[in-house]
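K.L.:
Please find coords-v1.cif (mmCIF, C-alpha atoms) on the next line:
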data_data
loop_
_atom_site.label_atom_id
_atom_site.label_comp_id
_atom_site.auth_asym_id
_atom_site.auth_seq_id
_atom_site.Cartn_x
_atom_site.Cartn_y
_atom_site.Cartn_z
CA MET A 1 -21.84 -1.44 0.18
CA VAL A 2 -18.30 -1.73 -1.17
CA THR A 3 -15.86 0.99 -0.12
CA ALA A 4 -12.35 1.11 -1.53
CA VAL A 5 -9.57 2.74 0.53
CA ILE A 6 -6.82 3.78 -1.87
CA GLY A 7 -3.41 5.36 -1.29
CA SER A 8 -3.13 8.59 -3.26
CA GLN A 9 0.63 9.18 -3.14
CA TRP A 10 3.72 6.92 -3.06
CA GLY A 11 2.45 4.83 -0.18
CA ASP A 12 2.80 5.38 3.57
CA GLU A 13 -0.29 7.62 3.59
CA GLY A 14 -1.89 6.00 6.65
CA LYS A 15 -4.24 3.55 4.91
CA GLY A 16 -3.91 1.04 7.74
CA LYS A 17 -5.23 3.50 10.30
CA ILE A 18 -8.16 4.56 8.10
CA VAL A 19 -9.07 0.93 7.38
CA ASP A 20 -8.83 0.10 11.09
CA TYR A 21 -11.13 3.06 11.82
CA LEU A 22 -13.68 2.21 9.12
CA SER A 23 -13.66 -1.51 9.93
CA GLN A 24 -15.44 -0.81 13.22
CA THR A 25 -18.66 -1.06 11.20
CA ALA A 26 -17.42 -3.35 8.41
CA ASP A 27 -18.36 -6.98 7.79
CA TYR A 28 -15.42 -7.73 5.48
CA VAL A 29 -12.03 -6.15 4.70
CA ILE A 30 -10.25 -7.37 1.57
CA ARG A 31 -6.66 -7.10 0.30
CA TYR A 32 -6.68 -7.43 -3.48
CA HIS A 33 -3.12 -6.75 -4.68
CA GLY A 34 0.55 -6.48 -3.73
CA GLY A 35 2.50 -8.51 -1.22
CA ASN A 36 4.52 -8.03 1.92
CA ASN A 37 6.32 -5.08 0.35
CA ALA A 38 3.36 -3.12 1.69
CA GLY A 39 3.26 -2.17 5.36
CA HIS A 40 0.36 -0.73 7.32
CA THR A 41 1.00 0.56 10.84
CA VAL A 42 -1.96 0.20 13.18
CA ILE A 43 -2.05 1.50 16.77
CA ASN A 44 -5.08 0.48 18.81
CA LYS A 45 -6.09 -1.17 22.09
CA TYR A 46 -4.20 -4.35 21.17
CA GLY A 47 -0.91 -2.48 20.72
CA LYS A 48 1.18 -1.33 17.77
CA PHE A 49 1.33 -3.56 14.69
CA GLY A 50 3.13 -3.51 11.37
CA MET A 51 0.71 -5.34 9.09
CA HIS A 52 1.95 -6.69 5.76
CA LEU A 53 -0.58 -9.25 4.46
CA ILE A 54 -3.57 -9.73 6.75
CA PRO A 55 -5.96 -6.75 6.34
CA ALA A 56 -5.99 -4.14 9.11
CA GLY A 57 -9.68 -4.84 9.72
CA ILE A 58 -8.74 -7.98 11.66
CA PHE A 59 -8.76 -6.00 14.91
CA ASN A 60 -12.54 -5.54 14.85
CA LYS A 61 -14.01 -8.74 16.33
CA LYS A 62 -17.02 -8.78 14.00
CA THR A 63 -15.02 -8.20 10.81
CA LYS A 64 -13.88 -11.01 8.54
CA THR A 65 -10.75 -10.50 6.48
CA ILE A 66 -9.85 -11.79 3.04
CA ILE A 67 -6.55 -12.09 1.20
CA ALA A 68 -7.87 -12.29 -2.35
CA ASN A 69 -6.37 -13.84 -5.47
CA GLY A 70 -4.48 -10.72 -6.59
CA VAL A 71 -2.16 -10.82 -3.57
CA ILE A 72 1.19 -12.62 -3.71
CA ILE A 73 2.27 -14.34 -0.51
CA ASP A 74 5.53 -15.05 1.25
CA PRO A 75 4.33 -17.92 3.48
CA GLY A 76 7.00 -17.28 6.11
CA VAL A 77 5.86 -13.68 6.53
CA LEU A 78 2.21 -14.74 6.64
CA VAL A 79 2.83 -17.36 9.33
CA ASN A 80 4.76 -14.83 11.43
CA GLU A 81 1.87 -12.38 11.12
CA ILE A 82 -0.65 -15.04 12.12
CA GLU A 83 1.39 -15.94 15.20
CA MET A 84 1.88 -12.26 16.10
CA LEU A 85 -1.86 -11.63 16.06
CA LYS A 86 -2.66 -14.78 18.02
CA LYS A 87 -0.13 -13.75 20.68
CA ALA A 88 -1.85 -10.35 20.94
CA GLY A 89 -5.16 -12.08 21.61
CA VAL A 90 -6.74 -11.49 18.21
CA LYS A 91 -9.07 -14.31 17.19
CA LEU A 92 -8.40 -15.56 13.66
CA LYS A 93 -10.44 -18.75 13.30
CA GLY A 94 -13.35 -18.19 10.92
CA ARG A 95 -12.17 -14.62 10.31
CA VAL A 96 -9.27 -14.99 7.88
CA PHE A 97 -9.75 -16.39 4.37
CA ILE A 98 -6.91 -16.81 1.87
CA SER A 99 -7.48 -17.48 -1.81
CA PRO A 100 -5.84 -20.65 -3.17
CA ARG A 101 -5.20 -18.62 -6.34
CA CYS A 102 -2.61 -16.44 -4.59
CA HIS A 103 0.86 -16.84 -6.07
CA LEU A 104 3.78 -17.71 -3.80
CA ILE A 105 6.98 -15.75 -3.38
CA MET A 106 9.69 -18.39 -3.67
CA PRO A 107 13.29 -18.17 -2.37
CA TYR A 108 14.61 -17.62 -5.90
CA HIS A 109 12.33 -14.60 -6.33
CA LYS A 110 13.99 -12.83 -3.41
CA MET A 111 17.46 -13.78 -4.60
CA LEU A 112 16.78 -12.53 -8.12
CA ASP A 113 15.28 -9.31 -6.77
CA ARG A 114 18.44 -8.59 -4.79
CA VAL A 115 20.86 -9.55 -7.58
CA PHE A 116 19.02 -7.54 -10.24
CA GLU A 117 19.22 -4.45 -8.02
CA GLU A 118 22.93 -4.95 -7.39
CA ILE A 119 23.66 -5.28 -11.11
CA LYS A 120 21.88 -2.00 -11.86
CA GLY A 121 24.26 -0.13 -9.56
CA LYS A 122 23.53 3.59 -9.51
CA ASN A 123 20.45 2.99 -11.69
CA LYS A 124 18.76 0.69 -9.16
CA MET A 125 15.05 1.14 -8.54
CA GLY A 126 15.11 1.00 -4.76
CA THR A 127 12.94 -2.13 -4.44
CA THR A 128 12.18 -3.62 -1.03
CA GLY A 129 14.04 -6.82 -1.97
CA ARG A 130 11.01 -8.92 -1.05
CA GLY A 131 10.85 -10.74 -4.41
CA ILE A 132 7.72 -8.93 -5.53
CA GLY A 133 8.71 -8.07 -9.11
CA PRO A 134 10.18 -11.51 -9.97
CA CYS A 135 7.10 -13.22 -8.50
CA TYR A 136 4.69 -11.14 -10.58
CA ALA A 137 6.93 -11.69 -13.61
CA ASP A 138 6.58 -15.45 -13.14
CA LYS A 139 2.82 -15.07 -12.70
CA VAL A 140 2.30 -13.36 -16.06
CA SER A 141 4.82 -15.59 -17.87
CA TYR A 142 3.03 -18.79 -16.76
CA ASN A 143 5.84 -19.82 -14.40
CA GLY A 144 4.16 -19.09 -11.09
CA ILE A 145 3.46 -21.44 -8.21
CA ARG A 146 0.22 -20.89 -6.30
CA ILE A 147 -1.12 -21.87 -2.88
CA GLN A 148 -3.35 -24.26 -4.79
CA ASP A 149 -0.25 -26.25 -5.77
CA LEU A 150 0.64 -26.87 -2.11
CA LEU A 151 -2.58 -28.85 -1.74
CA ASN A 152 -1.02 -31.47 -4.02
CA LYS A 153 2.54 -32.43 -2.99
CA LYS A 154 3.26 -34.15 -6.30
CA SER A 155 2.12 -31.16 -8.34
CA PHE A 156 4.12 -28.77 -6.15
CA SER A 157 7.25 -30.90 -6.49
CA GLU A 158 6.97 -31.15 -10.28
CA LYS A 159 6.40 -27.41 -10.74
CA LEU A 160 9.23 -26.52 -8.37
CA LYS A 161 11.57 -28.89 -10.21
CA THR A 162 10.79 -27.18 -13.51
CA GLN A 163 11.35 -23.72 -12.07
CA LEU A 164 14.64 -24.66 -10.42
CA LEU A 165 15.94 -26.04 -13.72
CA VAL A 166 15.57 -22.50 -15.06
CA LYS A 167 16.18 -20.37 -11.98
CA ASN A 168 19.31 -22.18 -10.81
CA LYS A 169 20.94 -21.64 -14.19
CA ILE A 170 20.20 -17.92 -13.94
CA LEU A 171 21.41 -17.73 -10.34
CA LYS A 172 24.64 -19.59 -11.15
CA SER A 173 25.32 -17.31 -14.11
CA LEU A 174 25.00 -14.35 -11.73
CA GLY A 175 27.45 -15.83 -9.23
CA GLU A 176 24.86 -17.20 -6.79
CA LYS A 177 24.67 -20.68 -5.31
CA PRO A 178 21.94 -22.96 -6.73
CA LEU A 179 18.93 -23.72 -4.54
CA ASN A 180 18.09 -27.18 -3.20
CA GLN A 181 14.67 -28.53 -4.08
CA LYS A 182 14.22 -30.81 -1.08
CA SER A 183 14.96 -28.05 1.44
CA ILE A 184 12.47 -25.71 -0.25
CA GLU A 185 9.79 -28.41 -0.33
CA LYS A 186 10.33 -29.20 3.35
CA GLU A 187 10.12 -25.53 4.35
CA PHE A 188 7.06 -24.65 2.27
CA LEU A 189 5.04 -27.75 3.13
CA SER A 190 5.77 -27.13 6.82
CA LEU A 191 4.61 -23.52 6.55
CA PHE A 192 1.54 -24.56 4.58
CA LYS A 193 0.28 -26.69 7.48
CA LYS A 194 -0.14 -23.47 9.46
CA ILE A 195 -1.81 -21.64 6.58
CA LYS A 196 -4.09 -24.41 5.31
CA PRO A 197 -6.93 -23.86 7.86
CA PHE A 198 -7.44 -20.38 6.37
CA VAL A 199 -7.38 -21.35 2.67
CA ALA A 200 -10.76 -21.08 0.91
CA GLU A 201 -12.02 -19.90 -2.47
CA THR A 202 -12.72 -16.24 -1.75
CA TYR A 203 -14.75 -15.22 -4.82
CA PRO A 204 -18.10 -16.73 -3.66
CA ILE A 205 -17.57 -15.36 -0.15
CA ILE A 206 -17.06 -11.85 -1.51
CA GLN A 207 -19.95 -11.98 -3.97
CA LYS A 208 -22.34 -13.37 -1.37
CA ALA A 209 -21.40 -10.57 1.02
CA ILE A 210 -22.02 -7.92 -1.65
CA LYS A 211 -25.38 -9.40 -2.67
CA GLN A 212 -26.43 -9.44 0.98
CA ASN A 213 -25.52 -5.73 1.17
CA LYS A 214 -22.79 -6.28 3.74
CA GLU A 215 -20.28 -3.53 4.51
CA VAL A 216 -17.19 -4.45 2.49
CA ILE A 217 -13.89 -2.53 2.50
CA LEU A 218 -11.18 -2.93 -0.10
CA GLU A 219 -7.81 -2.25 1.50
CA GLY A 220 -5.33 -0.78 -0.98
CA ALA A 221 -1.77 -1.89 -0.31
CA HIS A 222 0.34 0.84 -1.95
CA GLY A 223 0.07 4.40 -3.22
CA SER A 224 -1.48 4.95 -6.64
CA LEU A 225 1.71 6.63 -7.89
CA LEU A 226 3.39 3.23 -7.66
CA ASP A 227 0.84 1.66 -10.03
CA ASN A 228 2.60 -0.36 -12.73
CA ASP A 229 0.82 1.50 -15.53
CA TRP A 230 0.12 4.93 -14.07
CA GLY A 231 3.14 5.64 -11.87
CA PRO A 232 6.42 7.12 -13.23
CA TYR A 233 7.68 3.85 -14.74
CA PRO A 234 10.04 2.09 -14.01
CA PHE A 235 9.96 3.52 -10.47
CA VAL A 236 6.77 1.62 -9.67
CA THR A 237 5.64 -1.65 -8.15
CA ALA A 238 4.51 -4.78 -10.00
CA SER A 239 0.78 -4.73 -9.32
CA THR A 240 -2.28 -2.71 -10.29
CA ILE A 241 -3.01 -0.36 -7.41
CA VAL A 242 -5.83 1.86 -8.69
CA SER A 243 -9.40 1.09 -7.66
CA GLY A 244 -10.17 -0.70 -10.93
CA GLY A 245 -7.59 -3.35 -10.00
CA ALA A 246 -10.11 -4.87 -7.60
CA THR A 247 -11.94 -6.35 -10.58
CA SER A 248 -9.15 -8.79 -11.35
CA GLY A 249 -7.57 -8.82 -7.89
CA ALA A 250 -10.70 -9.79 -5.96
CA GLY A 251 -13.44 -10.49 -8.49
CA ILE A 252 -15.45 -7.33 -7.83
CA SER A 253 -17.21 -5.50 -10.65
CA PRO A 254 -16.48 -1.75 -10.92
CA PHE A 255 -20.25 -1.21 -10.65
CA GLN A 256 -20.22 -2.83 -7.20
CA MET A 257 -17.94 -0.14 -5.74
CA LYS A 258 -20.06 2.67 -4.33
CA ARG A 259 -17.41 4.67 -2.46
CA VAL A 260 -13.70 5.29 -3.11
CA ILE A 261 -11.78 7.01 -0.32
CA GLY A 262 -8.39 8.45 -1.22
CA VAL A 263 -5.96 8.56 1.70
CA VAL A 264 -3.78 11.67 1.49
CA LYS A 265 -0.89 12.50 3.79
CA ALA A 266 -0.93 16.25 4.60
CA TYR A 267 2.46 16.48 2.89
CA GLN A 268 4.37 14.31 0.41
CA THR A 269 6.73 11.38 1.12
CA ARG A 270 8.47 8.72 -0.88
CA VAL A 271 10.75 5.74 -0.17
CA GLY A 272 13.35 4.57 -2.69
CA GLY A 273 14.41 5.98 -6.03
CA GLY A 274 12.46 7.91 -8.63
CA PRO A 275 11.29 11.48 -9.22
CA MET A 276 9.53 13.50 -6.52
CA PRO A 277 8.92 17.09 -7.70
CA THR A 278 8.12 18.63 -4.30
CA GLU A 279 10.93 16.96 -2.35
CA GLN A 280 12.60 19.36 0.09
CA LEU A 281 16.30 18.67 0.49
CA ASN A 282 16.57 21.24 3.25
CA GLY A 283 15.43 22.03 6.76
CA VAL A 284 11.76 21.69 5.77
CA GLY A 285 12.30 18.14 4.56
CA GLU A 286 14.31 17.29 7.65
CA LYS A 287 11.64 18.68 9.97
CA LEU A 288 8.86 16.77 8.19
CA GLN A 289 10.91 13.58 8.43
CA LYS A 290 11.68 14.08 12.12
CA ASP A 291 8.25 15.27 13.28
CA GLY A 292 6.42 12.75 11.09
CA ILE A 293 8.70 9.86 12.15
CA GLU A 294 9.08 9.08 8.47
CA PHE A 295 10.61 5.64 8.31
CA GLY A 296 9.18 2.82 6.17
CA THR A 297 7.02 0.20 7.95
CA THR A 298 8.38 -2.52 5.67
CA THR A 299 12.02 -1.51 5.17
CA GLY A 300 12.80 0.96 7.94
CA ARG A 301 14.33 3.27 5.32
CA LYS A 302 14.07 7.04 5.69
CA ARG A 303 11.29 8.58 3.65
CA ARG A 304 12.00 11.53 1.40
CA CYS A 305 9.73 14.44 2.36
CA GLY A 306 8.23 17.51 0.72
CA TRP A 307 5.17 19.69 0.28
CA LEU A 308 1.78 18.34 -0.77
CA ASP A 309 1.58 17.90 -4.56
CA MET A 310 -1.87 18.77 -5.94
CA GLU A 311 -0.89 18.13 -9.56
CA LEU A 312 -0.40 14.49 -8.66
CA LEU A 313 -3.40 14.34 -6.34
CA ARG A 314 -5.81 15.64 -8.98
CA PHE A 315 -4.66 12.97 -11.42
CA VAL A 316 -4.89 10.19 -8.85
CA SER A 317 -8.32 11.39 -7.73
CA ASP A 318 -9.66 11.27 -11.27
CA ILE A 319 -8.24 7.88 -12.23
CA ASN A 320 -9.52 6.25 -9.03
CA GLY A 321 -12.85 8.08 -8.96
CA PHE A 322 -12.45 9.39 -5.42
CA THR A 323 -15.76 10.14 -3.72
CA ASP A 324 -14.05 11.15 -0.47
CA ILE A 325 -10.61 12.06 0.86
CA ALA A 326 -9.04 11.16 4.20
CA VAL A 327 -6.22 13.52 5.21
CA THR A 328 -3.68 12.01 7.60
CA LYS A 329 -0.83 13.43 9.70
CA LEU A 330 -2.28 16.93 9.79
CA ASP A 331 -0.63 17.34 13.21
CA VAL A 332 2.86 17.08 11.65
CA LEU A 333 2.28 20.55 10.16
CA ASP A 334 1.36 22.11 13.53
CA ASP A 335 4.69 23.93 13.94
CA PHE A 336 5.10 25.42 10.46
CA GLU A 337 4.65 29.19 10.16
CA LYS A 338 4.09 28.85 6.41
CA ILE A 339 2.91 25.84 4.43
CA LYS A 340 3.24 25.40 0.70
CA ILE A 341 1.06 23.44 -1.71
CA CYS A 342 2.20 22.60 -5.21
CA THR A 343 -0.56 23.77 -7.56
CA HIS A 344 0.97 22.72 -10.91
CA TYR A 345 4.21 22.08 -12.82
CA ARG A 346 6.15 24.08 -15.37
CA SER A 347 8.71 22.89 -17.90
CA ASN A 348 10.63 25.19 -20.26
CA GLY A 349 8.44 28.07 -19.08
CA LYS A 350 5.17 26.31 -19.94
CA ARG A 351 2.60 24.61 -17.73
CA ILE A 352 2.75 20.82 -17.99
CA SER A 353 0.53 18.13 -16.49
CA TYR A 354 1.67 14.93 -14.81
CA ILE A 355 0.17 12.73 -17.52
CA ASP A 356 2.41 14.38 -20.14
CA THR A 357 5.59 13.41 -18.31
CA ASP A 358 7.71 10.29 -18.00
CA ALA A 359 10.03 9.51 -15.09
CA GLU A 360 12.88 11.52 -16.58
CA LEU A 361 10.81 14.63 -17.31
CA LEU A 362 8.98 14.42 -13.98
CA GLY A 363 12.36 14.68 -12.32
CA ARG A 364 13.01 17.99 -14.10
CA VAL A 365 9.69 19.84 -13.81
CA LYS A 366 9.50 22.99 -11.68
CA PRO A 367 6.67 22.95 -9.14
CA SER A 368 4.65 26.14 -8.68
CA TYR A 369 3.52 26.75 -5.11
CA LYS A 370 0.77 28.50 -3.24
CA THR A 371 1.82 29.56 0.27
CA LEU A 372 -0.67 29.35 3.12
CA PRO A 373 -0.25 30.59 6.70
CA GLY A 374 0.36 27.87 9.27
CA TRP A 375 -1.64 27.57 12.48
CA MET A 376 1.22 27.21 15.00
CA SER A 377 -0.88 25.32 17.54
CA SER A 378 -1.56 21.67 18.31
CA THR A 379 -4.27 19.76 16.48
CA LYS A 380 -3.73 16.55 18.46
CA ASP A 381 -6.73 15.03 20.25
CA ILE A 382 -9.15 17.38 18.45
CA LYS A 383 -12.35 15.51 17.59
CA ARG A 384 -14.39 18.12 15.69
CA PHE A 385 -13.59 20.04 12.54
CA ALA A 386 -14.93 23.25 14.06
CA ASP A 387 -12.36 22.97 16.88
CA LEU A 388 -9.39 22.91 14.50
CA PRO A 389 -7.38 26.15 14.25
CA LYS A 390 -8.84 28.40 11.55
CA ASN A 391 -5.78 28.09 9.30
CA ALA A 392 -5.87 24.30 9.62
CA GLN A 393 -9.50 24.40 8.49
CA ASN A 394 -8.46 26.58 5.55
CA TYR A 395 -5.73 24.08 4.59
CA ILE A 396 -8.31 21.30 4.42
CA LYS A 397 -10.69 23.51 2.43
CA GLU A 398 -7.86 24.28 -0.02
CA ILE A 399 -7.42 20.55 -0.67
CA GLU A 400 -11.15 20.24 -1.30
CA LYS A 401 -11.12 23.25 -3.62
CA MET A 402 -8.18 22.00 -5.70
CA THR A 403 -9.53 18.44 -6.06
CA GLY A 404 -13.27 18.99 -6.07
CA VAL A 405 -13.56 16.13 -3.56
CA LYS A 406 -14.88 16.34 0.00
CA VAL A 407 -12.43 15.68 2.85
CA SER A 408 -14.52 13.35 5.00
CA PHE A 409 -11.88 12.21 7.48
CA ILE A 410 -8.94 13.98 9.15
CA SER A 411 -6.32 12.16 11.21
CA THR A 412 -4.46 14.11 13.90
CA SER A 413 -2.27 11.40 15.48
CA PRO A 414 -1.11 7.83 14.80
CA LYS A 415 -3.86 6.40 17.02
CA THR A 416 -6.98 4.99 15.35
CA SER A 417 -9.17 6.84 17.84
CA ASP A 418 -7.91 10.26 16.69
CA VAL A 419 -9.98 10.80 13.54
CA ILE A 420 -12.24 13.75 12.79
CA LYS A 421 -15.26 12.80 10.71
CA THR A 422 -16.53 15.86 8.85
#
So that I can check it, write out the structure of this file as structure tokens.

P.N.:
Amino acid sequence: MVTAVIGSQWGDEGKGKIVDYLSQTADYVIRYHGGNNAGHTVINKYGKFGMHLIPAGIFNKKTKTIIANGVIIDPGVLVNEIEMLKKAGVKLKGRVFISPRCHLIMPYHKMLDRVFEEIKGKNKMGTTGRGIGPCYADKVSYNGIRIQDLLNKKSFSEKLKTQLLVKNKILKSLGEKPLNQKSIEKEFLSLFKKIKPFVAETYPIIQKAIKQNKEVILEGAHGSLLDNDWGPYPFVTASTIVSGGATSGAGISPFQMKRVIGVVKAYQTRVGGGPMPTEQLNGVGEKLQKDGIEFGTTTGRKRRCGWLDMELLRFVSDINGFTDIAVTKLDVLDDFEKIKICTHYRSNGKRISYIDTDAELLGRVKPSYKTLPGWMSSTKDIKRFADLPKNAQNYIKEIEKMTGVKVSFISTSPKTSDVIKT
């Protein structure tokens, strides 16, 4: 059975923990989009890890992991991650497969990403600076370089030469120093030697697993509200994040997905620029940030914090086809006497839905809230739903009521072991 684990907000929902938890019975875990701008924090018996490319399922000894064709790869980051896991005692041989169709993040992508942001000044997007957007731009404009090209030194050299003819002119015009082809070739071919043992065409592996009715998990890399089409553009990422993106990103038919789990943080957070209707620029936001240790896994930047936004969650649930919801960081709300949930938006005195807004209008809508009593007691280490404080149970039931989707998992600490299965 294929289960997709999808972020339902602006990322940082706790997908890594949920994937790590579910992978205990999984045969395969697959990344199908994004790059190392995504970060999944996993805390288990091996230690604490910030995962960026290799799926979080790698920690289960029986699980095989796949980086499918829709992922873009910074080979330096991937090699560092491989070495980190090996040092921790995690076996990788025969358990990590990387598609040769994956596009490579080149040095000029990261330079262009940084320069473009600087030029925008106060209108910058707040990108991670990892070269994600420029790499995807090259991919769709037929200028990309793939892992496949590293298998043929001559082909790699010719393609790199062509790209540098263009990219160096752009970089020079923006006041940057031109890049040297030989140094890039030397670096990338050296890194490729460490990656090559894991490179294999992933499509037949995935399809064989599905036909044999193996347990397959699709690991979403970002939050759905950063989807290039369905997020508040241009404050989005470059890839397709919603569950349907697995069709192109991994070669999986929509009909092969039987379960879609939406991971929902018990409140709302966001990193970088862009509208966030329920953001709390006050003591509430500060407390959520402090108690939730809200700093980005990838960038280390402070996350903006606010109340849970059901207007957004309903939309994301529908477009992804959520069959289940996993609520994370419920324990961060333990010390709040009152907790608010945004039920809908209003603009110019009238109710307005998310889908009728753009980034500018979304930044101006007025959220309407429902206030619930807090539970003012610890939920940490609780293993059964019935043992949660009554008001915490009611908070979960309110999420189910407003979405029409069952909350099947509840996380009450950063540790993988602390999950309530309802």

K.L.:
Quick one: residues within 12 Å of (4.5, -14.2, -11.0) (file frame), counting all atoms listed in the file, please, as a PyMOL selection string.

P.N.:
chain A and resi 34-35+70-73+101-106+108-109+131-146+163+238-239

K.L.:
Residues near A:Val284, anyone? I mean within 10 Å using only C-alpha atoms, not counting same-chain ones fewer than 2 positions away, as an NGL selection string.

P.N.:
:A and (279-282 or 286-290 or 305-307 or 336 or 339)

K.L.:
Tell me, in Å to one decimal, how far atom CA of A:Val264 is from atom CA of A:Asp334.

P.N.:
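Distance reported for this atom pair: 16.7 Å.
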
K.L.:
With only C-alpha atoms as the atoms that count, which of A:Gly404, A:Pro107, A:Pro234, A:Pro204 lies nearest to A:Arg130?

P.N.:
A:Pro107

K.L.:
Counting only C-alpha atoms, figure out which residue out of A:Trp375, A:Trp230, A:Tyr28, A:Phe97 gets nearest to A:Ile210.

P.N.:
A:Tyr28

K.L.:
Could you tell me how far atom CA of A:Leu165 lies from atom CA of A:Ile147, in Å and to one decimal?

P.N.:
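Between atom CA of A:Leu165 and atom CA of A:Ile147 the gap is 20.6 Å.
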
K.L.:
Run the PyMOL selection byres ((chain A and resi 396) around 10) against the file shown and list the residues it catches, as a tab-separated table (two decimals) with C-alpha atoms, in the coordinates of the input.

P.N.:
chain	number	residue	atom	x	y	z
A	266	ALA	CA	-0.93	16.25	4.60
A	327	VAL	CA	-6.22	13.52	5.21
A	330	LEU	CA	-2.28	16.93	9.79
A	385	PHE	CA	-13.59	20.04	12.54
A	391	ASN	CA	-5.78	28.09	9.30
A	392	ALA	CA	-5.87	24.30	9.62
A	393	GLN	CA	-9.50	24.40	8.49
A	394	ASN	CA	-8.46	26.58	5.55
A	395	TYR	CA	-5.73	24.08	4.59
A	397	LYS	CA	-10.69	23.51	2.43
A	398	GLU	CA	-7.86	24.28	-0.02
A	399	ILE	CA	-7.42	20.55	-0.67
A	400	GLU	CA	-11.15	20.24	-1.30
A	401	LYS	CA	-11.12	23.25	-3.62
A	406	LYS	CA	-14.88	16.34	0.00
A	407	VAL	CA	-12.43	15.68	2.85
A	410	ILE	CA	-8.94	13.98	9.15

K.L.:
Could you give me, as JSON, numbers by chain, the residues that sit within 8 Å of (1.5, 20.7, -2.6) in the file's coordinates, counting only C-alpha atoms?

P.N.:
{"A": [267, 268, 278, 307, 308, 309, 310, 311, 340, 341, 342, 343, 369, 370]}

K.L.:
Please rebuild stretch 388-400 of chain A with N, CA and C atoms and give the result as a PDB file, in the frame of the given file.

P.N.:
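As a result, result.pdb now contains:
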ATOM      1  N   LEU A 388     -10.720  22.754  15.087  1.00  0.00           N
ATOM      2  CA  LEU A 388      -9.390  22.910  14.500  1.00  0.00           C
ATOM      3  C   LEU A 388      -9.052  24.397  14.389  1.00  0.00           C
ATOM      4  N   PRO A 389      -7.763  24.752  14.492  1.00  0.00           N
ATOM      5  CA  PRO A 389      -7.380  26.150  14.250  1.00  0.00           C
ATOM      6  C   PRO A 389      -7.894  26.608  12.893  1.00  0.00           C
ATOM      7  N   LYS A 390      -8.244  27.875  12.781  1.00  0.00           N
ATOM      8  CA  LYS A 390      -8.840  28.400  11.550  1.00  0.00           C
ATOM      9  C   LYS A 390      -7.964  28.137  10.331  1.00  0.00           C
ATOM     10  N   ASN A 391      -6.664  28.306  10.448  1.00  0.00           N
ATOM     11  CA  ASN A 391      -5.780  28.090   9.300  1.00  0.00           C
ATOM     12  C   ASN A 391      -5.667  26.609   8.930  1.00  0.00           C
ATOM     13  N   ALA A 392      -5.845  25.734   9.913  1.00  0.00           N
ATOM     14  CA  ALA A 392      -5.870  24.300   9.620  1.00  0.00           C
ATOM     15  C   ALA A 392      -7.143  23.960   8.839  1.00  0.00           C
ATOM     16  N   GLN A 393      -8.252  24.585   9.232  1.00  0.00           N
ATOM     17  CA  GLN A 393      -9.500  24.400   8.490  1.00  0.00           C
ATOM     18  C   GLN A 393      -9.334  24.887   7.043  1.00  0.00           C
ATOM     19  N   ASN A 394      -8.661  26.019   6.889  1.00  0.00           N
ATOM     20  CA  ASN A 394      -8.460  26.580   5.550  1.00  0.00           C
ATOM     21  C   ASN A 394      -7.572  25.669   4.689  1.00  0.00           C
ATOM     22  N   TYR A 395      -6.596  25.011   5.320  1.00  0.00           N
ATOM     23  CA  TYR A 395      -5.730  24.080   4.590  1.00  0.00           C
ATOM     24  C   TYR A 395      -6.546  22.918   4.035  1.00  0.00           C
ATOM     25  N   ILE A 396      -7.435  22.392   4.856  1.00  0.00           N
ATOM     26  CA  ILE A 396      -8.310  21.300   4.420  1.00  0.00           C
ATOM     27  C   ILE A 396      -9.238  21.773   3.294  1.00  0.00           C
ATOM     28  N   LYS A 397      -9.785  22.973   3.452  1.00  0.00           N
ATOM     29  CA  LYS A 397     -10.690  23.510   2.430  1.00  0.00           C
ATOM     30  C   LYS A 397      -9.951  23.743   1.106  1.00  0.00           C
ATOM     31  N   GLU A 398      -8.662  24.089   1.194  1.00  0.00           N
ATOM     32  CA  GLU A 398      -7.860  24.280  -0.020  1.00  0.00           C
ATOM     33  C   GLU A 398      -7.693  22.969  -0.773  1.00  0.00           C
ATOM     34  N   ILE A 399      -7.517  21.877  -0.042  1.00  0.00           N
ATOM     35  CA  ILE A 399      -7.420  20.550  -0.670  1.00  0.00           C
ATOM     36  C   ILE A 399      -8.735  20.211  -1.363  1.00  0.00           C
ATOM     37  N   GLU A 400      -9.843  20.500  -0.690  1.00  0.00           N
ATOM     38  CA  GLU A 400     -11.150  20.240  -1.300  1.00  0.00           C
ATOM     39  C   GLU A 400     -11.349  21.074  -2.557  1.00  0.00           C
TER      40      GLU A 400
END
